[in-house]
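Structure file protein-v6.pdb with PDB, C-alpha atoms:
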```pdb
ATOM      1  CA  PRO Z  22      -9.857  -7.558 -10.591
ATOM      2  CA  GLU Z  23     -12.657 -10.091 -10.624
ATOM      3  CA  ILE Z  24     -12.311 -11.051  -6.947
ATOM      4  CA  SER Z  25     -15.658 -12.140  -5.557
ATOM      5  CA  ALA Z  26     -17.090 -10.399  -2.505
ATOM      6  CA  VAL Z  27     -19.888 -11.257  -0.119
ATOM      7  CA  TYR Z  28     -22.849  -8.980  -0.724
ATOM      8  CA  SER Z  29     -25.089  -8.216   2.261
ATOM      9  CA  LEU Z  30     -26.597  -4.766   1.706
ATOM     10  CA  ASN Z  31     -30.123  -6.124   1.197
ATOM     11  CA  VAL Z  32     -30.684  -4.551  -2.195
ATOM     12  CA  PRO Z  33     -33.475  -6.367  -4.076
ATOM     13  CA  HIS Z  34     -32.459  -8.950  -6.705
ATOM     14  CA  ILE Z  35     -28.797  -8.988  -5.628
ATOM     15  CA  ASP Z  36     -28.108 -11.698  -3.081
ATOM     16  CA  ASP Z  37     -25.113 -13.635  -4.410
ATOM     17  CA  PRO Z  38     -21.377 -12.939  -4.268
ATOM     18  CA  CYS Z  39     -20.482 -10.320  -6.843
ATOM     19  CA  SER Z  40     -17.204  -9.458  -8.506
ATOM     20  CA  GLY Z  41     -15.544  -6.952 -10.797
ATOM     21  CA  THR Z  42     -14.594  -3.301 -10.692
ATOM     22  CA  SER Z  43     -18.188  -2.135 -11.025
ATOM     23  CA  PHE Z  44     -18.967  -3.859  -7.728
ATOM     24  CA  ALA Z  45     -15.748  -2.796  -5.976
ATOM     25  CA  ALA Z  46     -15.558   0.829  -7.130
ATOM     26  CA  PRO Z  47     -18.477   2.270  -5.108
ATOM     27  CA  GLN Z  48     -17.324   0.492  -1.948
ATOM     28  CA  VAL Z  49     -13.740   1.681  -2.321
ATOM     29  CA  THR Z  50     -14.915   5.188  -3.208
ATOM     30  CA  GLY Z  51     -17.081   5.320  -0.090
ATOM     31  CA  THR Z  52     -14.148   4.203   2.039
ATOM     32  CA  ILE Z  53     -11.959   6.914   0.489
ATOM     33  CA  ALA Z  54     -14.599   9.514   1.353
ATOM     34  CA  LEU Z  55     -14.576   8.353   4.987
ATOM     35  CA  ILE Z  56     -10.762   8.466   5.077
ATOM     36  CA  MET Z  57     -10.755  12.018   3.715
ATOM     37  CA  CYS Z  58     -13.282  13.105   6.362
ATOM     38  CA  LYS Z  59     -11.469  11.425   9.244
ATOM     39  CA  TYR Z  60      -7.906  12.353   8.299
ATOM     40  CA  VAL Z  61      -8.395  15.899   7.070
ATOM     41  CA  ALA Z  62      -4.675  16.665   6.911
ATOM     42  CA  ASN Z  63      -4.271  14.030   4.200
ATOM     43  CA  ALA Z  64      -7.515  14.734   2.355
ATOM     44  CA  LEU Z  65      -5.886  16.705  -0.430
ATOM     45  CA  LYS Z  66      -2.976  14.299  -0.854
ATOM     46  CA  PRO Z  67      -4.148  11.472  -3.129
ATOM     47  CA  ASN Z  68      -1.047   9.374  -2.594
ATOM     48  CA  ALA Z  69      -1.556   9.521   1.190
ATOM     49  CA  VAL Z  70      -5.167   8.380   0.864
ATOM     50  CA  LYS Z  71      -4.127   5.571  -1.481
ATOM     51  CA  ALA Z  72      -1.408   4.344   0.894
ATOM     52  CA  MET Z  73      -3.876   4.358   3.781
ATOM     53  CA  LEU Z  74      -6.426   2.408   1.767
ATOM     54  CA  ILE Z  75      -3.860  -0.248   0.804
ATOM     55  CA  SER Z  76      -2.272  -0.643   4.234
ATOM     56  CA  GLY Z  77      -5.678  -0.996   5.875
ATOM     57  CA  ALA Z  78      -6.874  -3.801   3.605
ATOM     58  CA  LYS Z  79      -7.981  -6.947   5.403
ATOM     59  CA  GLN Z  80      -6.488 -10.148   4.085
ATOM     60  CA  THR Z  81      -9.163 -12.643   3.074
ATOM     61  CA  ASN Z  82      -8.953 -16.402   3.204
ATOM     62  CA  ASP Z  83     -11.445 -16.931   0.396
ATOM     63  CA  HIS Z  84     -10.254 -15.240  -2.792
ATOM     64  CA  SER Z  85     -12.533 -17.329  -4.985
ATOM     65  CA  ASN Z  86     -13.441 -15.981  -8.348
ATOM     66  CA  MET Z  87     -16.334 -16.616 -10.666
ATOM     67  CA  SER Z  88     -14.043 -17.331 -13.626
ATOM     68  CA  ASN Z  89     -10.625 -18.233 -12.227
ATOM     69  CA  SER Z  90      -8.719 -17.986  -8.963
ATOM     70  CA  PHE Z  91      -6.938 -14.677  -8.525
ATOM     71  CA  PHE Z  92      -5.363 -12.976  -5.556
ATOM     72  CA  ASP Z  93      -2.540 -10.449  -5.658
ATOM     73  CA  GLU Z  94      -0.792 -10.384  -2.313
ATOM     74  CA  LYS Z  95       1.732  -7.880  -3.619
ATOM     75  CA  ILE Z  96      -0.632  -4.920  -3.824
ATOM     76  CA  GLY Z  97      -2.635  -5.614  -0.688
ATOM     77  CA  ALA Z  98      -5.745  -6.961  -2.339
ATOM     78  CA  GLY Z  99      -8.422  -7.849   0.170
ATOM     79  CA  CYS Z 100     -11.386  -6.294   1.915
ATOM     80  CA  VAL Z 101     -11.204  -2.555   2.461
ATOM     81  CA  ASN Z 102     -11.237  -1.973   6.188
ATOM     82  CA  LEU Z 103     -11.307   1.506   7.683
ATOM     83  CA  GLU Z 104     -11.119   0.056  11.201
ATOM     84  CA  ASN Z 105      -7.597  -1.178  10.521
ATOM     85  CA  LEU Z 106      -6.434   2.435  10.303
ATOM     86  CA  LYS Z 107      -7.461   3.395  13.813
ATOM     87  CA  ASP Z 108      -4.280   1.921  15.283
ATOM     88  CA  SER Z 109      -1.917   3.143  12.580
ATOM     89  CA  GLU Z 110       1.589   3.406  13.985
ATOM     90  CA  CYS Z 111       2.338   6.364  11.760
ATOM     91  CA  ILE Z 112       1.091   8.295   8.795
ATOM     92  CA  ILE Z 113       3.914  10.288   7.268
ATOM     93  CA  TYR Z 114       3.954  12.401   4.161
ATOM     94  CA  MET Z 115       7.505  12.712   2.893
ATOM     95  CA  GLY Z 116       9.472  13.786  -0.113
ATOM     96  CA  SER Z 117      12.348  11.955  -1.714
ATOM     97  CA  ASN Z 118      15.098  14.303  -2.816
ATOM     98  CA  ASN Z 119      17.393  11.531  -3.916
ATOM     99  CA  SER Z 120      18.264  11.772  -7.600
ATOM    100  CA  SER Z 121      20.960   9.112  -7.467
ATOM    101  CA  SER Z 122      21.264   6.786 -10.430
ATOM    102  CA  LEU Z 123      22.343   3.936  -8.149
ATOM    103  CA  VAL Z 124      19.918   1.058  -7.786
ATOM    104  CA  ASN Z 125      18.472   0.684  -4.286
ATOM    105  CA  SER Z 126      19.706   4.017  -2.980
ATOM    106  CA  PHE Z 127      18.443   4.616   0.558
ATOM    107  CA  VAL Z 128      15.633   7.157   1.036
ATOM    108  CA  TYR Z 129      13.914   6.728   4.409
ATOM    109  CA  SER Z 130      13.680   4.412   7.434
ATOM    110  CA  TYR Z 131      11.316   3.860  10.335
ATOM    111  CA  ASP Z 132      11.652   1.668  13.442
ATOM    112  CA  ILE Z 133       8.664  -0.162  14.874
ATOM    113  CA  SER Z 134       8.228  -2.528  17.827
ATOM    114  CA  LEU Z 135       6.427  -5.778  17.031
ATOM    115  CA  ARG Z 136       5.282  -8.602  19.247
ATOM    116  CA  ARG Z 137       5.466 -12.178  18.091
ATOM    117  CA  ASN Z 138       2.646 -12.902  15.605
ATOM    118  CA  ASP Z 139       1.881  -9.192  15.050
ATOM    119  CA  VAL Z 140       1.002  -8.603  11.415
ATOM    120  CA  LEU Z 141       2.694  -5.573   9.892
ATOM    121  CA  GLN Z 142       1.096  -3.936   6.868
ATOM    122  CA  ASN Z 143       3.135  -1.143   5.318
ATOM    123  CA  SER Z 144       2.564   0.755   2.099
ATOM    124  CA  ILE Z 145       3.925   3.721   0.212
ATOM    125  CA  SER Z 146       2.339   5.534  -2.681
ATOM    126  CA  TRP Z 147       3.526   8.274  -5.034
ATOM    127  CA  PHE Z 148       2.400  10.178  -8.100
ATOM    128  CA  THR Z 149       2.378   9.362 -11.776
ATOM    129  CA  HIS Z 150       4.011  11.898 -14.089
ATOM    130  CA  ILE Z 151       2.418  12.309 -17.491
ATOM    131  CA  ASP Z 152       4.032  13.964 -20.481
ATOM    132  CA  ASN Z 153       1.053  15.184 -22.493
ATOM    133  CA  ILE Z 154       3.205  16.194 -25.453
ATOM    134  CA  ASN Z 155       4.746  12.796 -26.014
ATOM    135  CA  ARG Z 156       1.840  10.914 -24.455
ATOM    136  CA  THR Z 157       4.173   9.022 -22.147
ATOM    137  CA  VAL Z 158       3.781   8.101 -18.511
ATOM    138  CA  ASP Z 159       6.796   8.273 -16.203
ATOM    139  CA  THR Z 160       6.856   6.706 -12.762
ATOM    140  CA  SER Z 161       9.613   6.505 -10.212
ATOM    141  CA  ASP Z 162      10.223   3.163  -8.546
ATOM    142  CA  PHE Z 163      10.556   2.593  -4.801
ATOM    143  CA  ASN Z 164      10.888  -0.584  -2.754
ATOM    144  CA  ILE Z 165      10.125  -1.419   0.890
ATOM    145  CA  MET Z 166      12.480  -3.638   2.900
ATOM    146  CA  VAL Z 167      11.743  -4.928   6.425
ATOM    147  CA  TYR Z 168      14.643  -5.967   8.697
ATOM    148  CA  ASN Z 169      14.433  -7.726  12.057
ATOM    149  CA  SER Z 170      16.336  -6.693  15.190
ATOM    150  CA  SER Z 171      19.354  -8.708  14.013
ATOM    151  CA  GLY Z 172      19.499  -6.752  10.777
ATOM    152  CA  ASN Z 173      18.284  -9.621   8.612
ATOM    153  CA  LEU Z 174      15.916  -8.927   5.721
ATOM    154  CA  VAL Z 175      12.601 -10.642   6.514
ATOM    155  CA  ALA Z 176      10.184  -9.109   3.986
ATOM    156  CA  SER Z 177      10.162  -6.855   0.964
ATOM    157  CA  SER Z 178       7.779  -5.450  -1.619
ATOM    158  CA  SER Z 179       8.042  -7.062  -5.010
ATOM    159  CA  LEU Z 180       6.179  -4.985  -7.544
ATOM    160  CA  GLY Z 181       8.213  -4.082 -10.608
ATOM    161  CA  GLU Z 182       8.492  -0.798 -12.431
ATOM    162  CA  CYS Z 183       5.552   1.182 -13.841
ATOM    163  CA  ASN Z 184       3.621   1.188 -10.592
ATOM    164  CA  THR Z 185       2.891   3.959  -8.098
ATOM    165  CA  SER Z 186       2.620   1.975  -4.870
ATOM    166  CA  GLU Z 187       4.384  -0.741  -2.897
ATOM    167  CA  PHE Z 188       3.040  -2.981  -0.154
ATOM    168  CA  VAL Z 189       4.418  -5.393   2.456
ATOM    169  CA  ARG Z 190       2.482  -7.732   4.728
ATOM    170  CA  TYR Z 191       4.621  -9.539   7.326
ATOM    171  CA  LYS Z 192       3.803 -11.675  10.360
ATOM    172  CA  ALA Z 193       6.504 -11.264  13.010
ATOM    173  CA  THR Z 194       8.150 -14.531  14.025
ATOM    174  CA  SER Z 195       9.684 -12.973  17.139
ATOM    175  CA  ALA Z 196       9.279  -9.871  19.278
ATOM    176  CA  GLY Z 197      11.655  -6.978  18.765
ATOM    177  CA  THR Z 198      12.357  -3.722  16.989
ATOM    178  CA  TYR Z 199      12.009  -3.983  13.235
ATOM    179  CA  THR Z 200      13.330  -1.430  10.749
ATOM    180  CA  ILE Z 201      11.372  -0.523   7.636
ATOM    181  CA  LYS Z 202      13.499   1.018   4.896
ATOM    182  CA  VAL Z 203      12.417   2.665   1.659
ATOM    183  CA  TYR Z 204      14.806   2.523  -1.266
ATOM    184  CA  GLN Z 205      14.734   4.347  -4.561
ATOM    185  CA  ASN Z 206      15.184   1.689  -7.204
ATOM    186  CA  GLY Z 207      17.236   3.429  -9.860
ATOM    187  CA  THR Z 208      16.623   7.023 -10.906
ATOM    188  CA  LEU Z 209      13.576   9.153 -10.317
ATOM    189  CA  ALA Z 210      11.244   9.622 -13.250
ATOM    190  CA  GLU Z 211      12.672  11.869 -15.949
ATOM    191  CA  GLY Z 212      12.391  15.550 -15.018
ATOM    192  CA  VAL Z 213      11.511  14.783 -11.368
ATOM    193  CA  VAL Z 214      13.877  16.152  -8.722
ATOM    194  CA  SER Z 215      11.741  15.532  -5.626
ATOM    195  CA  GLU Z 216       9.244  12.674  -5.463
ATOM    196  CA  PRO Z 217       6.689  13.068  -2.651
ATOM    197  CA  PHE Z 218       5.380   9.781  -1.328
ATOM    198  CA  ALA Z 219       3.099   8.717   1.502
ATOM    199  CA  PHE Z 220       4.267   6.171   4.062
ATOM    200  CA  VAL Z 221       1.659   4.334   6.141
ATOM    201  CA  CYS Z 222       2.410   1.638   8.684
ATOM    202  CA  ASN Z 223      -0.167  -0.536  10.457
ATOM    203  CA  ILE Z 224      -0.022  -3.306  13.012
ATOM    204  CA  ILE Z 225      -3.078  -5.461  12.355
TER     205      ILE Z 225
END
```
Would it be possible to restate this file's structure as C-alpha coordinates?
Amino acid sequence: PEISAVYSLNVPHIDDPCSGTSFAAPQVTGTIALIMCKYVANALKPNAVKAMLISGAKQTNDHSNMSNSFFDEKIGAGCVNLENLKDSECIIYMGSNNSSSLVNSFVYSYDISLRRNDVLQNSISWFTHIDNINRTVDTSDFNIMVYNSSGNLVASSSLGECNTSEFVRYKATSAGTYTIKVYQNGTLAEGVVSEPFAFVCNII
(Lines of atoms letter the chains of each structure in order from A and count residues from 1; the text may use other names and numbers.)
(Lines give C-alpha, C1' and ligand atoms only; values in the text may rest on other atoms or scores of the structure.)
Protein backbone atom coordinates (compact mmCIF):
# COMPACT_ATOMS: atom_id res chain seq x y z
CA PRO A 1 0.00 0.00 0.00
CA GLU A 2 1.12 3.49 -0.92
CA ILE A 3 4.50 2.41 -2.33
CA SER A 4 5.61 4.80 -5.05
CA ALA A 5 6.42 3.48 -8.51
CA VAL A 6 8.20 4.97 -11.49
CA TYR A 7 5.71 5.78 -14.22
CA SER A 8 6.96 5.64 -17.81
CA LEU A 9 4.01 4.72 -20.02
CA ASN A 10 3.87 8.14 -21.69
CA VAL A 11 0.26 8.87 -20.85
CA PRO A 12 -0.44 12.62 -21.03
CA HIS A 13 -0.46 14.59 -17.75
CA ILE A 14 1.03 11.72 -15.72
CA ASP A 15 4.80 11.95 -15.52
CA ASP A 16 5.66 11.66 -11.82
CA PRO A 17 6.01 8.65 -9.52
CA CYS A 18 2.57 7.42 -8.54
CA SER A 19 1.40 5.32 -5.62
CA GLY A 20 -1.61 3.54 -4.20
CA THR A 21 -3.76 0.57 -5.11
CA SER A 22 -5.44 2.40 -7.98
CA PHE A 23 -2.05 2.71 -9.66
CA ALA A 24 -0.87 -0.82 -8.79
CA ALA A 25 -4.06 -2.76 -9.52
CA PRO A 26 -4.08 -2.49 -13.35
CA GLN A 27 -0.39 -3.39 -13.55
CA VAL A 28 -0.78 -6.41 -11.28
CA THR A 29 -3.95 -7.46 -13.09
CA GLY A 30 -2.17 -7.31 -16.44
CA THR A 31 0.66 -9.42 -15.07
CA ILE A 32 -1.84 -11.98 -13.77
CA ALA A 33 -3.42 -12.17 -17.23
CA LEU A 34 0.00 -12.88 -18.76
CA ILE A 35 0.70 -15.56 -16.14
CA MET A 36 -2.63 -17.25 -16.85
CA CYS A 37 -1.88 -17.27 -20.60
CA LYS A 38 1.66 -18.57 -20.22
CA TYR A 39 1.03 -21.18 -17.53
CA VAL A 40 -2.30 -22.59 -18.67
CA ALA A 41 -2.22 -25.52 -16.25
CA ASN A 42 -2.39 -23.08 -13.34
CA ALA A 43 -4.80 -20.60 -14.91
CA LEU A 44 -7.83 -21.84 -13.01
CA LYS A 45 -6.01 -22.13 -9.69
CA PRO A 46 -6.03 -18.68 -8.07
CA ASN A 47 -3.68 -19.67 -5.27
CA ALA A 48 -1.11 -20.90 -7.82
CA VAL A 49 -1.27 -17.63 -9.74
CA LYS A 50 -0.94 -15.65 -6.51
CA ALA A 51 2.11 -17.65 -5.38
CA MET A 52 3.75 -17.13 -8.77
CA LEU A 53 3.09 -13.40 -8.65
CA ILE A 54 4.61 -13.09 -5.16
CA SER A 55 7.67 -15.26 -5.79
CA GLY A 56 8.46 -13.39 -8.99
CA ALA A 57 8.43 -9.93 -7.40
CA LYS A 58 11.61 -7.92 -7.88
CA GLN A 59 13.03 -6.41 -4.74
CA THR A 60 13.44 -2.65 -5.04
CA ASN A 61 16.05 -0.49 -3.39
CA ASP A 62 13.89 2.62 -3.37
CA HIS A 63 10.67 2.01 -1.44
CA SER A 64 10.02 5.72 -0.97
CA ASN A 65 6.51 6.81 -0.29
CA MET A 66 4.70 10.06 -0.80
CA SER A 67 3.44 10.13 2.80
CA ASN A 68 5.69 7.84 4.84
CA SER A 69 8.27 5.12 4.26
CA PHE A 70 6.74 1.67 3.91
CA PHE A 71 8.08 -1.62 2.66
CA ASP A 72 6.86 -5.06 3.67
CA GLU A 73 9.59 -7.59 3.02
CA LYS A 74 7.46 -10.35 4.51
CA ILE A 75 4.92 -10.53 1.69
CA GLY A 76 7.29 -9.97 -1.21
CA ALA A 77 6.39 -6.38 -1.94
CA GLY A 78 8.31 -5.01 -4.89
CA CYS A 79 8.00 -4.67 -8.63
CA VAL A 80 5.97 -7.34 -10.37
CA ASN A 81 8.30 -9.15 -12.73
CA LEU A 82 7.09 -11.86 -15.07
CA GLU A 83 10.64 -12.47 -16.31
CA ASN A 84 11.61 -13.80 -12.89
CA LEU A 85 9.29 -16.76 -13.45
CA LYS A 86 11.03 -18.04 -16.55
CA ASP A 87 13.66 -19.84 -14.49
CA SER A 88 11.33 -21.14 -11.79
CA GLU A 89 12.83 -24.22 -10.19
CA CYS A 90 9.40 -25.70 -9.64
CA ILE A 91 5.74 -24.91 -9.68
CA ILE A 92 3.84 -27.46 -7.64
CA TYR A 93 0.19 -27.59 -6.75
CA MET A 94 -0.28 -29.68 -3.64
CA GLY A 95 -2.81 -30.50 -0.99
CA SER A 96 -2.24 -30.66 2.72
CA ASN A 97 -4.07 -33.55 4.32
CA ASN A 98 -2.62 -32.93 7.74
CA SER A 99 -5.31 -32.23 10.33
CA SER A 100 -2.95 -32.43 13.29
CA SER A 101 -3.53 -30.02 16.15
CA LEU A 102 0.21 -29.86 16.83
CA VAL A 103 1.92 -26.57 16.10
CA ASN A 104 4.45 -26.73 13.26
CA SER A 105 3.44 -30.16 12.01
CA PHE A 106 5.39 -31.07 8.88
CA VAL A 107 3.54 -30.96 5.54
CA TYR A 108 5.96 -30.85 2.60
CA SER A 109 9.65 -30.43 1.70
CA TYR A 110 11.69 -29.63 -1.38
CA ASP A 111 15.46 -29.71 -1.96
CA ILE A 112 17.15 -27.11 -4.14
CA SER A 113 20.78 -26.49 -5.11
CA LEU A 114 22.00 -22.94 -4.59
CA ARG A 115 25.27 -21.27 -5.47
CA ARG A 116 26.81 -18.70 -3.20
CA ASN A 117 24.95 -15.37 -3.52
CA ASP A 118 21.96 -16.96 -5.30
CA VAL A 119 18.76 -15.31 -4.14
CA LEU A 120 15.97 -17.74 -3.35
CA GLN A 121 12.39 -16.50 -3.48
CA ASN A 122 9.80 -19.02 -2.32
CA SER A 123 6.09 -18.56 -1.72
CA ILE A 124 3.02 -20.59 -0.93
CA SER A 125 -0.58 -19.52 -1.20
CA TRP A 126 -3.88 -21.11 -0.18
CA PHE A 127 -7.58 -20.34 -0.06
CA THR A 128 -9.73 -18.37 2.33
CA HIS A 129 -12.78 -20.15 3.73
CA ILE A 130 -15.82 -17.99 4.33
CA ASP A 131 -18.79 -18.94 6.46
CA ASN A 132 -21.62 -16.91 4.95
CA ILE A 133 -24.04 -17.83 7.73
CA ASN A 134 -21.93 -16.52 10.56
CA ARG A 135 -20.09 -14.00 8.40
CA THR A 136 -16.73 -15.29 9.57
CA VAL A 137 -13.54 -15.88 7.63
CA ASP A 138 -11.41 -18.93 8.42
CA THR A 139 -7.86 -19.34 7.19
CA SER A 140 -5.35 -22.07 7.82
CA ASP A 141 -1.83 -21.05 8.72
CA PHE A 142 1.34 -22.39 7.09
CA ASN A 143 4.99 -21.43 7.51
CA ILE A 144 8.05 -21.82 5.27
CA MET A 145 11.42 -22.81 6.76
CA VAL A 146 14.70 -22.89 4.79
CA TYR A 147 17.58 -25.09 6.03
CA ASN A 148 21.15 -25.16 4.73
CA SER A 149 23.11 -28.32 3.90
CA SER A 150 24.14 -28.63 7.56
CA GLY A 151 20.52 -28.68 8.66
CA ASN A 152 20.61 -25.22 10.21
CA LEU A 153 17.60 -22.92 9.84
CA VAL A 154 18.69 -19.93 7.75
CA ALA A 155 15.39 -18.26 6.80
CA SER A 156 11.69 -18.47 7.53
CA SER A 157 8.44 -16.73 6.69
CA SER A 158 7.08 -14.57 9.45
CA LEU A 159 3.52 -13.62 8.67
CA GLY A 160 1.07 -14.35 11.47
CA GLU A 161 -2.37 -15.88 11.31
CA CYS A 162 -5.25 -14.58 9.18
CA ASN A 163 -3.25 -14.56 5.97
CA THR A 164 -3.39 -16.78 2.89
CA SER A 165 0.22 -16.62 1.72
CA GLU A 166 3.78 -16.89 3.01
CA PHE A 167 7.00 -15.66 1.45
CA VAL A 168 10.75 -16.10 1.98
CA ARG A 169 13.58 -14.22 0.30
CA TYR A 170 17.07 -15.56 1.13
CA LYS A 171 20.53 -14.86 -0.26
CA ALA A 172 22.70 -17.98 0.01
CA THR A 173 25.90 -17.44 1.98
CA SER A 174 27.43 -20.67 0.68
CA ALA A 175 26.87 -23.18 -2.10
CA GLY A 176 25.03 -26.39 -1.33
CA THR A 177 21.72 -28.20 -1.19
CA TYR A 178 19.09 -26.33 0.77
CA THR A 179 15.85 -27.84 2.04
CA ILE A 180 12.61 -25.87 2.01
CA LYS A 181 10.00 -27.19 4.42
CA VAL A 182 6.35 -26.22 4.77
CA TYR A 183 4.76 -26.60 8.18
CA GLN A 184 1.14 -26.39 9.21
CA ASN A 185 1.05 -24.00 12.12
CA GLY A 186 -1.65 -25.43 14.35
CA THR A 187 -4.90 -26.85 13.00
CA LEU A 188 -6.44 -26.36 9.60
CA ALA A 189 -9.32 -23.93 9.38
CA GLU A 190 -12.50 -25.24 10.97
CA GLY A 191 -14.30 -27.72 8.71
CA VAL A 192 -11.29 -28.08 6.36
CA VAL A 193 -9.83 -31.57 5.99
CA SER A 194 -7.56 -30.95 2.99
CA GLU A 195 -6.02 -27.55 2.31
CA PRO A 196 -4.71 -27.17 -1.26
CA PHE A 197 -1.82 -24.76 -1.56
CA ALA A 198 0.52 -23.66 -4.33
CA PHE A 199 4.28 -23.86 -3.87
CA VAL A 200 6.52 -21.77 -6.13
CA CYS A 201 10.29 -21.59 -5.89
CA ASN A 202 12.53 -19.19 -7.81
CA ILE A 203 16.24 -18.56 -7.98
CA ILE A 204 16.61 -14.89 -8.90
* **Resolved residues for the PyMOL selection byres ((chain Z and resi 101) around 8) as number ranges by chain** => Z: 49, 52, 74-75, 77-79, 99-100, 102-103
* Separation of CA of Asp132 (chain Z) and CA of Lys202 (chain Z), in Å? ->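 So the answer is 8.8 Å.
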* Distance CA of Ser215 (chain Z)-CA of Val128 (chain Z), one decimal place? -> 11.4 Å
* Structure fact -> Closest of Z:Met115, Z:Ile145, Z:Val189, Z:Ile165 to Met73 (chain Z), counting all atoms listed in the file, is Z:Ile145
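With only C-alpha atoms as the atoms that count, the residue of Z:Pro217, Z:Asn143, Z:Ile112, Z:Ala46 with the shortest distance to Ala62 (chain Z) is Z:Ile112.
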* To do: Go ahead and find all residues with at least one atom no further than 10 Å from (3.5, 9.6, 2.9) in the file's coordinates, using only C-alpha atoms; report them as an NGL selection string.
  => :Z and (63 or 66-73 or 111-116 or 144-147 or 217-222)
* To do: Could you tell me how far CA of Ala193 (chain Z) lies from CA of Gln80 (chain Z), in Å and to one decimal?
  => 15.8 Å
